[in-house]
Amino acid sequence: MNVIRFSDLCASGQARDKRVFIRADLNVPQDDAGHITEDTRIRASVPCIQMALQAGAAVMVTSHLGRPTEGEFKPEDSLAPVAKRLGELLGRDVPLVSNWVDGVTIAPGQVVLLENCRLNVGEKKNKEELARKLAALCDIFVHDAFGTAHRAEGTTYGIAQYAPVACAGPLLAAEIDAITQALANPKRPLAAIVAGSKVSTKLTILQSLAKNVDQLIVGGGIANTFMLAAGLKIGKSLAEPDLLGEATAVIAAMKARGAEVPIPTDVVVAKTFAVDAPATVKKATEVADDDLILDIGPETAARLATQLKAAGTIVWNGPVGVFEFPAFENGTKVIAQAIAESSAFSIAGGGDTLAAIAKYGIEKQVGYISTGGGAFLEVLEGKTLPAFEILSRRASEQ
């Protein structure tokens, strides 16, 4: 994917004395008192801002926070806590600017945070009038918010259409490189783990991956539907019987390519969905009518671990069992450890996946951890993200 990289512009001196507009993802969780409870996204945005300042640019940064109503400012929608934290991380004062669409006064070497961009009327629907005003604020637009790359909004798409130069910041560029390495030019075998409660929410992902991967490992409620499709009984486990045809088609598509969807040979069951429910390991052929399947069994987990350790590339989205309950975490834990030990390039994304990575402490062993939930899923579905499309188009015009 051909995009202009902000790092290249800075290295060649093209950002000096220029007005640089950075779209970051600073949408952090806060408690009821407005205190930031987790600042990963703010910390992740710092390298791009520092890069711009070191290059001698006048730096404007903005982000959305929550889901405010356009044109209606409320104190809880303000980026003020973010400005304070960003200032601490940068070691300098970061002024917060409100009502900035019609002009921002800033000099090279300075940085300001522009108030919540979703307060601007026309942001969500990418109105042309707003987009042109945004573009007029800068010489260089830098998209560095992969979490918003699947949305065509004013500060993620419109500004990129009309800014003199539109480029990818270091975070977005890293996502593009990781996605290209994992899906466009993968080292094989390519294994994908797709897990979650419902086939319906991941069906297009499963269908897209079935055309490309060598192993499609399904987990959670999705695996139960695939077990049904394979003729196994699943008791009262969560499944979607009306999607058996689609599950069967995915299995057939893989088989036709000499690839496979490994069906569990053993499972961990309980009679109730509870943290203290007694867990029983059973063969997949012996699930009782009143059983709930809450994890893959140790035999299945070991077999999948062996496959993952032999993979060339691993894409991971979703834990394979109810890993929040200690009695039903073994499958996810074994798979996480196998990914950590594998020499494969691994890319992981999705909220529950990131929680599992954190729980088992394998952050450093995963090749790339994607920061975007919805954007990551749309990439797996085979969609071209709006941000990638417009940045690529602008690069080809230069």
# chains A, B, ... in the order shown; residues from 1 in each chain; ligands from 1
>>> closest_atom_pairs(of="segment 125-199 of chain A", to="segment 12-16 of chain A", cutoff="12 Å", atoms="only C-alpha atoms", output="JSON lines")
{"residue": "A:Cys138", "atom": "CA", "partner": "A:Ala15", "partner_atom": "CA", "distance": 11.1}
{"residue": "A:Asp139", "atom": "CA", "partner": "A:Ala15", "partner_atom": "CA", "distance": 8.6}
{"residue": "A:Ile140", "atom": "CA", "partner": "A:Ala15", "partner_atom": "CA", "distance": 7.7}
{"residue": "A:Phe141", "atom": "CA", "partner": "A:Ala15", "partner_atom": "CA", "distance": 10.7}
{"residue": "A:Val142", "atom": "CA", "partner": "A:Ala15", "partner_atom": "CA", "distance": 11.1}
{"residue": "A:Val165", "atom": "CA", "partner": "A:Ala15", "partner_atom": "CA", "distance": 10.5}
{"residue": "A:Cys167", "atom": "CA", "partner": "A:Ala15", "partner_atom": "CA", "distance": 11.7}
>>> write_last_selection(atoms="N, CA, C and O atoms", output="compact mmCIF listing (two decimals), in the first residue's frame")
# COMPACT_ATOMS: atom_id res chain seq x y z
N CYS A 138 -4.01 23.75 7.72
CA CYS A 138 -2.68 23.11 7.74
C CYS A 138 -2.01 23.04 6.38
O CYS A 138 -2.64 23.20 5.34
N ASP A 139 -0.70 22.76 6.45
CA ASP A 139 0.08 22.46 5.24
C ASP A 139 0.20 20.94 5.07
O ASP A 139 0.30 20.44 3.95
N ILE A 140 0.22 20.25 6.21
CA ILE A 140 0.36 18.78 6.19
C ILE A 140 -0.68 18.18 7.14
O ILE A 140 -0.75 18.56 8.32
N PHE A 141 -1.48 17.24 6.63
CA PHE A 141 -2.40 16.49 7.49
C PHE A 141 -1.78 15.12 7.78
O PHE A 141 -1.33 14.43 6.86
N VAL A 142 -1.77 14.76 9.06
CA VAL A 142 -1.20 13.47 9.48
C VAL A 142 -2.28 12.62 10.14
O VAL A 142 -2.82 12.99 11.18
N VAL A 165 -0.99 18.34 1.71
CA VAL A 165 -0.33 17.03 1.79
C VAL A 165 -1.07 16.21 2.84
O VAL A 165 -1.41 16.72 3.91
N CYS A 167 -0.78 12.45 4.88
CA CYS A 167 0.16 11.35 5.08
C CYS A 167 -0.21 10.51 6.31
O CYS A 167 -1.10 10.87 7.09
>>> residues_around(residues="Thr62 of chain A", least_positions_apart="2", cutoff="7 Å", atoms="only C-alpha atoms", output="CSV table (one decimal) with all heavy atoms, in the first residue's frame")
chain,number,residue,atom,x,y,z
A,22,ILE,N,-2.4,16.9,13.2
A,22,ILE,CA,-2.4,15.5,13.5
A,22,ILE,C,-3.8,15.0,14.1
A,22,ILE,O,-4.3,15.5,15.1
A,22,ILE,CB,-1.3,15.2,14.6
A,22,ILE,CG1,0.1,15.6,14.1
A,22,ILE,CG2,-1.3,13.7,15.0
A,22,ILE,CD1,1.2,15.5,15.2
A,23,ARG,N,-4.3,14.0,13.4
A,23,ARG,CA,-5.6,13.4,13.9
A,23,ARG,C,-5.1,12.2,14.7
A,23,ARG,O,-4.6,11.2,14.2
A,23,ARG,CB,-6.5,13.0,12.8
A,23,ARG,CG,-7.7,12.1,13.2
A,23,ARG,CD,-8.5,12.8,14.3
A,23,ARG,NE,-9.9,12.3,14.4
A,23,ARG,CZ,-10.4,11.5,15.3
A,23,ARG,NH1,-9.6,11.0,16.2
A,23,ARG,NH2,-11.7,11.1,15.3
A,24,ALA,N,-5.2,12.3,16.1
A,24,ALA,CA,-4.8,11.2,17.0
A,24,ALA,C,-6.0,10.5,17.5
A,24,ALA,O,-7.1,11.0,17.3
A,24,ALA,CB,-3.9,11.8,18.1
A,60,MET,N,-0.7,21.1,15.6
A,60,MET,CA,-2.1,21.0,16.1
A,60,MET,C,-2.5,19.6,16.2
A,60,MET,O,-2.3,18.8,15.2
A,60,MET,CB,-3.0,21.7,15.1
A,60,MET,CG,-2.8,23.2,14.9
A,60,MET,SD,-3.6,23.9,13.5
A,60,MET,CE,-2.4,23.5,12.2
A,113,LEU,N,-3.7,21.5,21.6
A,113,LEU,CA,-4.7,20.4,21.4
A,113,LEU,C,-6.0,21.1,21.1
A,113,LEU,O,-6.4,22.0,21.8
A,113,LEU,CB,-4.8,19.6,22.7
A,113,LEU,CG,-5.8,18.4,22.7
A,113,LEU,CD1,-5.3,17.4,21.7
A,113,LEU,CD2,-5.9,17.8,24.1
A,114,LEU,N,-6.6,20.7,20.0
A,114,LEU,CA,-7.9,21.3,19.5
A,114,LEU,C,-9.0,20.5,20.1
A,114,LEU,O,-9.0,19.3,20.1
A,114,LEU,CB,-7.9,21.2,18.0
A,114,LEU,CG,-6.7,21.8,17.2
A,114,LEU,CD1,-6.9,21.7,15.7
A,114,LEU,CD2,-6.5,23.3,17.6
A,115,GLU,N,-10.0,21.2,20.7
A,115,GLU,CA,-11.0,20.6,21.4
A,115,GLU,C,-11.8,19.5,20.6
A,115,GLU,O,-11.8,19.5,19.4
A,115,GLU,CB,-12.0,21.6,21.9
A,115,GLU,CG,-13.2,21.2,22.8
A,115,GLU,CD,-12.7,20.6,24.1
A,115,GLU,OE1,-12.4,19.3,24.1
A,115,GLU,OE2,-12.7,21.2,25.2
A,116,ASN,N,-12.3,18.5,21.3
A,116,ASN,CA,-13.1,17.4,20.8
A,116,ASN,C,-13.6,17.6,19.4
A,116,ASN,O,-14.6,18.4,19.2
A,116,ASN,CB,-14.2,17.0,21.7
A,116,ASN,CG,-14.8,15.6,21.5
A,116,ASN,OD1,-14.7,15.1,20.4
A,116,ASN,ND2,-15.4,15.1,22.5
A,117,CYS,N,-13.1,16.9,18.4
A,117,CYS,CA,-13.5,17.2,17.0
A,117,CYS,C,-14.9,16.8,16.7
A,117,CYS,O,-15.5,17.3,15.7
A,117,CYS,CB,-12.5,16.6,16.0
A,117,CYS,SG,-12.3,14.8,16.2
>>> select_by_dssp(residues="segment 119-170 of chain A", states="strand (DSSP E or B)", output="list of chain:residue names")
A:Ile140, A:Phe141, A:Val142, A:His143, A:Val165, A:Ala166, A:Cys167, A:Ala168
>>> write_last_selection(atoms="C-alpha atoms", output="compact mmCIF listing (two decimals), in the first residue's frame")
# COMPACT_ATOMS: atom_id res chain seq x y z
CA ILE A 140 0.36 18.78 6.19
CA PHE A 141 -2.40 16.49 7.49
CA VAL A 142 -1.20 13.47 9.48
CA HIS A 143 -3.57 10.57 10.13
CA VAL A 165 -0.33 17.03 1.79
CA ALA A 166 -1.99 14.04 3.48
CA CYS A 167 0.16 11.35 5.08
CA ALA A 168 0.27 8.47 7.60
>>> residues_around(residues="Leu238 of chain A", least_positions_apart="3", cutoff="8 Å", atoms="only C-alpha atoms", output="list in words")
Ser197, Gly221, Asn224, Leu292 and Ile293 of chain A
>>> closest_residue(among="A:Ala279, A:Val269, A:Val101, A:Leu172", to="Leu130 of chain A", atoms="only C-alpha atoms")
A:Val101
>>> atom_distance(atom1="atom CA of Arg151 of chain A", atom2="atom CA of Leu377 of chain A")
12.8 Å
>>> residues_around(residues="segment 300-302 of chain A", least_positions_apart="2", cutoff="10 Å", atoms="only C-alpha atoms", output="list of chain:residue names")
A:Pro262, A:Ile263, A:Pro264, A:Thr265, A:Asp266, A:Val267, A:Lys283, A:Ala284, A:Asp295, A:Ile296, A:Gly297, A:Pro298, A:Leu304, A:Ala305, A:Thr306, A:Gln307, A:Leu308, A:Val320, A:Asn330, A:Gly331, A:Thr332, A:Lys333, A:Val334, A:Ile335, A:Ala338
